[in-house]
Amino acid sequence: MGNSAPATIYSSTVYSDPAVAYDPDARAKPPRADVVTAANYRDLLHRDPPGGTTDNRWRQVRQGYRGVPYVAIRAIMDLVGGASANVMRRKKNPRARVTFGPGGAVAKSTPLGHQQGRDEDSVPLDDYDHPAARLVRCPNPNESFGEFLAKVVLQNRLTGVGPVWKVGSKLAPEKPVELWALRTPLMYPLYQLSGQYPHGAWRVMPYSQPGGLGVLPAGLGATGALIPGEDVARFLDPHPEIDWDGYSPLTAGATQLDVFDAVEQSRKSAMDRGVNLDVVVVAPGAPKEAAERMQASLENRHMGADKARRAAVFAPELGLADKFSVTTLGAAAKDMDYPTGWEQGLKFVLALFGVPPIIAGLGSAGSYAEAYAARQQFYDRQEDYLNRLAVWFDRECLNPWEEFEGELTLKIKPKPIDDKELREKQYEADKDILTVNQRHALRDRPPVEGGDVPAELYNQWLAKRIMPEPEPDPTAATLGGQGQGEELPGGEGGPPRPDNPQGEGSLAPRKAMSALLDSAGGSLVRPPTQGRRRRKRVRAVVSRVLKSLED
């Protein structure tokens, strides 16, 4: 016991030395050489210099844009091309600070890097001639913004890279005034960074060369055009291994796409050169040469996918076969279409691009609700893609034109889904609270005068305009029952009631007719033309109302 070591020796770790104790606030102190290498790598990420491709872009473009991938990508391109694109401007608030905190230095809110950030502070850019508005309205002299974006999406969905050439002005080269979509397989990187090209450069060919130097447009040599690296922006799908190239959906689903293509090729081969015999002809006693000629004749006339495919002619000796016969042996189409594998491959390829089979036209909807649900699913999936595309466009093309950070934002909105059944249900549920003009708008009808009220009030107002209530005839209010018209029942201007012969009450005492001005009829008598004017006014109102109803 006396020789036992203290317990603290065995409870301590080898790293418990105070000289090397862990300090959560300590920072690394790398040597100068390590700092230089880290700075070079950061500079590489910052410049986004041209780099080599990781996949065969030629094969992806030429072989990928066909079949089911073509149908899926085309649906996305149509969605992008038909979407509305608007430039939004965020209202600058120089006093965006809270009233609490040390010195009131805590900002109220921070602009976020996506379309939903600070939507309440953004309004449409009302400056039609603003360079950013012109850039979105007409990115180049040959294309609309929808056509331009569709080309970018096409390259991005095929290769994972959507390159764009940002053409700047002479006075401010860093501010784009034209945008052109480039083709990924026609771009060749120049890696060397130099004083002339600090961000590298891209050599761009106008189109593929059919052989040798090919035929190029006038003014272009065999080397194509050289574009500085800073003038080329690329919309990339993140690559899992490197930073300077995109990752193609075709690469991600390469195995499944190959299986699907194999099924298609097998079906095509079975139709063209299938070994299964469709027709067997037995000609007992016929010479071998005659049987071969008959077989060749049948194959020349009927072989192929659009004909009867293969035929076999046998000429056995007499006695082995009794009579001439023709037998069909070909397999039915349902036995050759690989239904399970083809259906699974089709669904995977469409899911690779986020397109439901109904939207791609490769499936049928059992009901309108199912078709609407598929369209909504397609919109929800592609909306995330469009938001990512818009944020990239903000950074590359709109930020150079901003007066303050986060001023301009591109908002891409797909064409609204017109669900007629849902609209009718909403109309029936809200018809009692909707105004007349709101109901007209739902029916694509023009607004009407006085239609900003519910239908019940509008009908009452319209009835009063068509047939207004007649005004009381003052000649009927006679004193003592003398004069023209009927006596009023004790009202103002009527005779005294029997229980109140003096006409006392809450009203002031009446004066005799002779005491009023113009005793020859008094001031209560209308001029003789007043009735005609009233009738003319009523007729005019009725005419206007009938005309508005006809319109």
# chains A, B, ... in the order shown; residues from 1 in each chain; ligands from 1
call {"tool": "residues_around", "arguments": {"residues": "stretch 234-240 of chain A", "least_positions_apart": "6", "cutoff": "8 Å", "atoms": "only C-alpha atoms", "output": "list in words"}}
result
Val152, Asn156, Gly160, Val161, Gly162, Pro163, Val164, Gly246, Tyr247, Ser248, Leu389 and Trp392 of chain A
call {"tool": "write_last_selection", "arguments": {"atoms": "C-alpha atoms", "output": "PDB file, in the first residue's frame"}}
result
ATOM      1  CA  VAL A 152     -29.030  27.225 -70.667  1.00  0.00           C
ATOM      2  CA  ASN A 156     -27.311  22.016 -67.768  1.00  0.00           C
ATOM      3  CA  GLY A 160     -24.514  19.507 -65.577  1.00  0.00           C
ATOM      4  CA  VAL A 161     -23.040  22.768 -66.932  1.00  0.00           C
ATOM      5  CA  GLY A 162     -24.950  25.708 -68.410  1.00  0.00           C
ATOM      6  CA  PRO A 163     -22.352  28.156 -69.807  1.00  0.00           C
ATOM      7  CA  VAL A 164     -23.262  31.764 -70.604  1.00  0.00           C
ATOM      8  CA  GLY A 246     -20.647  20.174 -63.143  1.00  0.00           C
ATOM      9  CA  TYR A 247     -22.198  16.772 -62.570  1.00  0.00           C
ATOM     10  CA  SER A 248     -24.568  15.583 -65.262  1.00  0.00           C
ATOM     11  CA  LEU A 389     -31.332  29.265 -61.531  1.00  0.00           C
ATOM     12  CA  TRP A 392     -27.320  32.169 -59.972  1.00  0.00           C
TER      13      TRP A 392
END
call {"tool": "residues_around", "arguments": {"residues": "A:Ser84", "least_positions_apart": "2", "cutoff": "8 Å", "atoms": "only C-alpha atoms", "output": "PyMOL selection string"}}
result
chain A and resi 82+86+412-415
call {"tool": "write_last_selection", "arguments": {"atoms": "C-alpha atoms", "output": "short mmCIF file (atom, residue, chain, number, x, y, z; two decimals), in the first residue's frame"}}
result
data_model
loop_
_atom_site.label_atom_id
_atom_site.label_comp_id
_atom_site.auth_asym_id
_atom_site.auth_seq_id
_atom_site.Cartn_x
_atom_site.Cartn_y
_atom_site.Cartn_z
CA GLY A 82 -43.14 29.92 -70.83
CA ASN A 86 -39.44 39.96 -63.63
CA ILE A 412 -39.11 33.43 -62.27
CA LYS A 413 -42.69 32.25 -61.97
CA PRO A 414 -44.11 29.35 -64.02
CA LYS A 415 -47.40 29.76 -65.82
#
call {"tool": "atom_distance", "arguments": {"atom1": "atom CA of A:Arg47", "atom2": "atom CA of A:Glu396"}}
result
12.9 Å
call {"tool": "residues_around", "arguments": {"residues": "A:Asp432", "least_positions_apart": "5", "cutoff": "9 Å", "atoms": "only C-alpha atoms", "output": "CSV table (one decimal) with C-alpha atoms, in the first residue's frame"}}
result
chain,number,residue,atom,x,y,z
A,454,PRO,CA,-72.1,41.9,-53.7
A,455,ALA,CA,-74.7,40.8,-56.2
A,456,GLU,CA,-77.6,41.3,-53.9
call {"tool": "closest_residue", "arguments": {"among": "A:His46, A:Arg445, A:Arg535, A:Arg74", "to": "A:Trp244", "atoms": "only C-alpha atoms"}}
result
A:His46
